[in-house]
Amino acid sequence: MFQDRIDLLKGNHCEVIQLDAEFAIDQGLPIYLDWTCSIVDDEKDRNIILAIGIDLTQRKRDEEALEWLANNDPLTGIGNRRGFQHDLQKVLDTQRNGAVVFIDVNRFKQINDLYGHTVGDNVLIQIAESLRASVRLTDSISRLAGDEFTVVLPNIKADQLEKFLQKLSEKLCGQLFLSREGRWVEYSVSVGAALIPLHGTTEQELIVHADMAMYQAKKKGGDQWQIFDPSTNDLADIRRDHDLTSLLKQALKRTDLFELNYQPIYCIKSETVSHYEVLLRLTDLNGNPVYPNDFIPAAERMGLIRLVDEWVLDHAISKLATIWEAGTHFSLSINISAPTLQSNTFPEILNNLIRKYQVDPNHIIIELTETAYIENFQMVLTNLTRISESGVMVALDDFGVGFSSFSYLKKLPLSYVKLDGSYILDLENNLDNQVFVESLNKMVNAFGMRTIAEFVEDEVTLRKLEELGVEYAQGYYIGKPSPDLSEMVAGAGFEPTTFGL
Ligand code: C2E
Ligand code: MG
Ligand code: MG
């Protein structure tokens with residue numbers, strides 16, 4: 001080829017030729033030269049070939065690197081989202097038979113928070129390596145984003161896929177040694193898969209179904225695998241959880257979907273409001289409200305509640321600091337869910353925020369429900385003891401429903417007990433509830449704690465509570481949850497009647 005072109009030049013068939021050539025080898029790597037050859041006369045009028053070569057090696061390597069980066073993930077060396085889409089499309093265009101697998105690292109955020117991003121990165125690299133070792137040459141592996149990995153498997157049947165997923169979920173659970181700390185970090189994954197063409201024939205369908213299967217696996221408790229099952233009874237629930245999860249993830253990143261509301265807690269005797277309960281509000285992408293009783297349990301099931309609780313803590317404590325700076329003092333009561341209370345990082349996260357915003361810990365109340373400590377009493381007790389030692393108060397929410405063991409009242413470092421609204425709603429007419437409220441209030445007081453009655457919706461209820469000796473009241477009659485905390489704080493000495501429904 002090269003010789004043919006030179007011959008053309010020699011035979012005077014053309015004056016200049018251009019040649020791209022992969023020429024020599026520099027320490028094992030090819031060198032790319034761009035040659036321009038022409039016939040010129042030398043001083044004795046003889047024809048000679050003048051060849052000028054430009055070294056294009058660097059440019060070529062830069063181009064190759066750019067092309068690689070467009071389809072691959074620099075951290076792990078496996079494909080990226082674009083690579084995944086490309087490989088999946090290839091299977092859809094050619095074989096039309098195979099599977100898409102979604103993998104999510106369990107509690108990855110916790111690993112990052114506890115041990116830092118370098119350890120998090122190393123976990124991802126280790127998972128990518130185990131993935132590489134688990135797949136066939138024809139399969140393609142990618143990291144979609146963060147802690148989400150995918151495998152595209154051309155030509156695989158359901159029974160083979162089951163075996164593969166079983167093997168995969170075992171191989172992708174591992175541990176990483178931290179030499180500085182001298183300890184191991186454990187990690188595990190949840191795996192979901194969708195079959196081509198059974199569960200979808202387009203990229204969009206397959207992604208949604210593999211992702212939903214992964215949520216099905218996560219719902220089973222993590223470290224599990226699941227092939228998408230469209231016949232399952234709880235498919236509607238799964239779809240809802242799936243949609244809520246993606247909404248919550250967006251709400252955590254954006255600024256316009258989550259909003260904090262504040263509801264006054266009224267001291268009956270002093271006729272003042274000095275506490276506000278923080279209640280989280282969420283709107284979906286169409287601007288419709290999503291209720292805490294829906295999204296909080298979903299966030300708990302999907303392992304997102306710790307991030308949600310942290311978001312609330314951060315924004316509420318920052319708000320407390322801002323309004324305090326303006327000169328008015330009050331306390332905020334913040335609901336915290338079981339998984340957060342049971343995690344050993346909770347006291348540290350709370351203390352860091354208290355330091356960051358320079359607020360008085362005595363003016364923060366943490367509300368927990370009984371379900372928070374049923375599973376892991378010791379851990380919750382340790383955490384609550386730690387936060388109350390630093391000055392933070394603790395309230396037991398929704399008391400009276402569920403298992404209500406009085407023995408726990410004594411063991412936990414509580415300052416407040418909130419009587420569940422179901423005992424308060426019809427207090428005036430329900431004598432049993434009056435007896436319950438009065439005796440519980442006496443017991444709570446005997447332990448040195450205070451009672452707050454929830455769902456106070458009218459004047460007669462408020463007066464009844466006063467008669468029964470209850471110290472605090474909260475409910476629509478006192479004030480509805482509202483985002484305008486500054487405004488409410490400014491009118492804190494109000495007469496409750498002016499705030500009625
Ligand atoms: P909760 O902590 O017991 O909050 C009281 C709920 O009762 C709130 O509902 C409040 O809007 C409602 N409420 C207040 N006054 C009245 C009244 O007079 N009558 C009636 N019928 N209801 C009243 P919301 O805001 O929908 O919250 C529901 C639950 O969601 C909360 O129950 C709490 O367990 C959870 N939650 C809310 N915000 C957060 C949060 O930021 N983090 C966590 N982890 N959980 C939260
Ligand atoms: Mg509450
Ligand atoms: Mg409550």
# chains A, B, ... in the order shown; residues from 1 in each chain; ligands from 1
>>> residues_near_ligand(ligand="ligand 2", cutoff="6 Å", atoms="only C-alpha atoms and all ligand atoms", output="PDB file with N, CA and C atoms, in the first residue's frame")
ATOM      1  N   ASN A 335     -39.258  15.701  64.257  1.00  0.00           N
ATOM      2  CA  ASN A 335     -39.551  14.252  64.205  1.00  0.00           C
ATOM      3  C   ASN A 335     -38.378  13.502  63.583  1.00  0.00           C
ATOM      4  N   GLU A 367     -38.376  14.311  68.487  1.00  0.00           N
ATOM      5  CA  GLU A 367     -39.580  13.489  68.698  1.00  0.00           C
ATOM      6  C   GLU A 367     -39.374  12.107  68.114  1.00  0.00           C
ATOM      7  N   ASP A 397     -43.543  10.607  70.963  1.00  0.00           N
ATOM      8  CA  ASP A 397     -44.700  11.017  70.148  1.00  0.00           C
ATOM      9  C   ASP A 397     -45.779   9.936  70.171  1.00  0.00           C
TER      10      ASP A 397
END
>>> residues_near_ligand(ligand="ligand 3", cutoff="10 Å", atoms="only C-alpha atoms and all ligand atoms", output="number ranges by chain")
A: 277, 335, 367-369, 396-399, 417-422, 452-455, 474
>>> residues_near_ligand(ligand="ligand 1", cutoff="6 Å", atoms="only C-alpha atoms and all ligand atoms", output="list of chain:residue names")
A:Leu279, A:Leu280, A:Tyr291, A:Pro292, A:Asn293, A:Ile296, A:Asp309, A:Val312, A:Asn335, A:Ile336, A:Ser337, A:Asp398, A:Phe455, A:Val456, A:Glu457, A:Gly475, A:Tyr476, A:Pro481
>>> write_last_selection(atoms="N, CA and C atoms", output="CSV table (one decimal), in the first residue's frame")
chain,number,residue,atom,x,y,z
A,279,LEU,N,-42.9,20.1,60.7
A,279,LEU,CA,-43.5,19.0,59.9
A,279,LEU,C,-43.1,19.2,58.4
A,280,LEU,N,-42.7,18.1,57.8
A,280,LEU,CA,-42.1,18.2,56.5
A,280,LEU,C,-43.3,18.1,55.4
A,291,TYR,N,-48.4,13.4,51.1
A,291,TYR,CA,-48.6,13.5,52.5
A,291,TYR,C,-47.5,12.7,53.3
A,292,PRO,N,-47.1,13.3,54.4
A,292,PRO,CA,-46.0,12.6,55.2
A,292,PRO,C,-46.4,11.1,55.5
A,293,ASN,N,-47.7,10.9,55.8
A,293,ASN,CA,-48.1,9.5,56.1
A,293,ASN,C,-47.8,8.6,54.9
A,296,ILE,N,-43.2,9.4,54.2
A,296,ILE,CA,-42.2,9.0,55.3
A,296,ILE,C,-42.1,7.5,55.4
A,309,ASP,N,-34.3,12.8,57.1
A,309,ASP,CA,-34.2,13.3,58.5
A,309,ASP,C,-33.0,14.3,58.5
A,312,VAL,N,-34.1,17.6,57.0
A,312,VAL,CA,-35.0,18.3,58.0
A,312,VAL,C,-34.2,18.9,59.1
A,335,ASN,N,-39.3,15.7,64.3
A,335,ASN,CA,-39.6,14.3,64.2
A,335,ASN,C,-38.4,13.5,63.6
A,336,ILE,N,-37.9,12.5,64.2
A,336,ILE,CA,-36.9,11.6,63.7
A,336,ILE,C,-37.3,10.2,63.6
A,337,SER,N,-37.1,9.5,62.5
A,337,SER,CA,-37.5,8.2,62.3
A,337,SER,C,-36.6,7.1,62.9
A,398,ASP,N,-47.0,10.3,69.9
A,398,ASP,CA,-48.1,9.4,69.6
A,398,ASP,C,-48.3,8.4,70.8
A,455,PHE,N,-53.8,17.2,68.6
A,455,PHE,CA,-55.1,17.2,67.9
A,455,PHE,C,-56.1,18.0,68.7
A,456,VAL,N,-55.7,19.1,69.3
A,456,VAL,CA,-56.7,19.9,70.0
A,456,VAL,C,-57.4,20.8,69.0
A,457,GLU,N,-58.6,20.5,68.7
A,457,GLU,CA,-59.3,21.1,67.6
A,457,GLU,C,-60.4,22.2,68.0
A,475,GLY,N,-52.6,21.6,68.1
A,475,GLY,CA,-53.7,21.2,67.2
A,475,GLY,C,-54.2,22.3,66.4
A,476,TYR,N,-55.2,22.0,65.5
A,476,TYR,CA,-55.7,23.0,64.6
A,476,TYR,C,-56.3,24.2,65.3
A,481,PRO,N,-50.3,23.8,60.9
A,481,PRO,CA,-48.9,23.9,60.4
A,481,PRO,C,-48.8,24.9,59.3
>>> closest_atom_pairs(of="range 262-311 of chain A", to="range 104-115 of chain A", cutoff="12 Å", atoms="only C-alpha atoms", output="JSON lines")
{"residue": "A:Met302", "atom": "CA", "partner": "A:Asn106", "partner_atom": "CA", "distance": 10.0}
{"residue": "A:Gly303", "atom": "CA", "partner": "A:Arg107", "partner_atom": "CA", "distance": 7.2}
{"residue": "A:Leu304", "atom": "CA", "partner": "A:Arg107", "partner_atom": "CA", "distance": 9.0}
{"residue": "A:Ile305", "atom": "CA", "partner": "A:Arg107", "partner_atom": "CA", "distance": 11.2}
{"residue": "A:Arg306", "atom": "CA", "partner": "A:Gln110", "partner_atom": "CA", "distance": 9.0}
{"residue": "A:Leu307", "atom": "CA", "partner": "A:Lys109", "partner_atom": "CA", "distance": 8.6}
{"residue": "A:Glu310", "atom": "CA", "partner": "A:Asp113", "partner_atom": "CA", "distance": 11.9}
>>> write_last_selection(atoms="N, CA, C and O atoms", output="PDB file, in the first residue's frame")
ATOM      1  N   MET A 302     -37.424   2.347  51.775  1.00  0.00           N
ATOM      2  CA  MET A 302     -36.436   2.404  50.705  1.00  0.00           C
ATOM      3  C   MET A 302     -35.062   2.901  51.164  1.00  0.00           C
ATOM      4  O   MET A 302     -34.200   3.199  50.350  1.00  0.00           O
ATOM      5  N   GLY A 303     -34.900   2.999  52.467  1.00  0.00           N
ATOM      6  CA  GLY A 303     -33.571   3.353  52.988  1.00  0.00           C
ATOM      7  C   GLY A 303     -33.194   4.813  52.735  1.00  0.00           C
ATOM      8  O   GLY A 303     -32.017   5.148  52.710  1.00  0.00           O
ATOM      9  N   LEU A 304     -34.202   5.675  52.526  1.00  0.00           N
ATOM     10  CA  LEU A 304     -33.878   7.087  52.264  1.00  0.00           C
ATOM     11  C   LEU A 304     -34.159   7.969  53.469  1.00  0.00           C
ATOM     12  O   LEU A 304     -33.869   9.164  53.442  1.00  0.00           O
ATOM     13  N   ILE A 305     -34.752   7.377  54.514  1.00  0.00           N
ATOM     14  CA  ILE A 305     -35.242   8.225  55.598  1.00  0.00           C
ATOM     15  C   ILE A 305     -34.113   8.965  56.316  1.00  0.00           C
ATOM     16  O   ILE A 305     -34.298  10.087  56.768  1.00  0.00           O
ATOM     17  N   ARG A 306     -32.938   8.336  56.391  1.00  0.00           N
ATOM     18  CA  ARG A 306     -31.840   9.035  57.086  1.00  0.00           C
ATOM     19  C   ARG A 306     -31.471  10.321  56.365  1.00  0.00           C
ATOM     20  O   ARG A 306     -31.180  11.335  56.981  1.00  0.00           O
ATOM     21  N   LEU A 307     -31.501  10.274  55.027  1.00  0.00           N
ATOM     22  CA  LEU A 307     -31.197  11.481  54.256  1.00  0.00           C
ATOM     23  C   LEU A 307     -32.297  12.517  54.447  1.00  0.00           C
ATOM     24  O   LEU A 307     -32.021  13.715  54.565  1.00  0.00           O
ATOM     25  N   GLU A 310     -31.943  14.019  57.871  1.00  0.00           N
ATOM     26  CA  GLU A 310     -30.803  14.947  57.890  1.00  0.00           C
ATOM     27  C   GLU A 310     -31.169  16.263  57.207  1.00  0.00           C
ATOM     28  O   GLU A 310     -30.760  17.331  57.644  1.00  0.00           O
TER      29      GLU A 310
END
>>> closest_residue(among="A:Glu181, A:Leu8, A:Trp225, A:Gly200", to="Phe164 in chain A", atoms="only C-alpha atoms")
A:Trp225
>>> select_by_dssp(residues="range 253-371 of chain A", states="alpha helix (DSSP H)", output="number ranges by chain")
A: 253, 292-301, 305-325, 338-341, 346-357, 371
>>> closest_residue(among="A:Leu50, A:Ala99, A:Val278, A:Val135", to="His199 in chain A", atoms="only C-alpha atoms")
A:Ala99
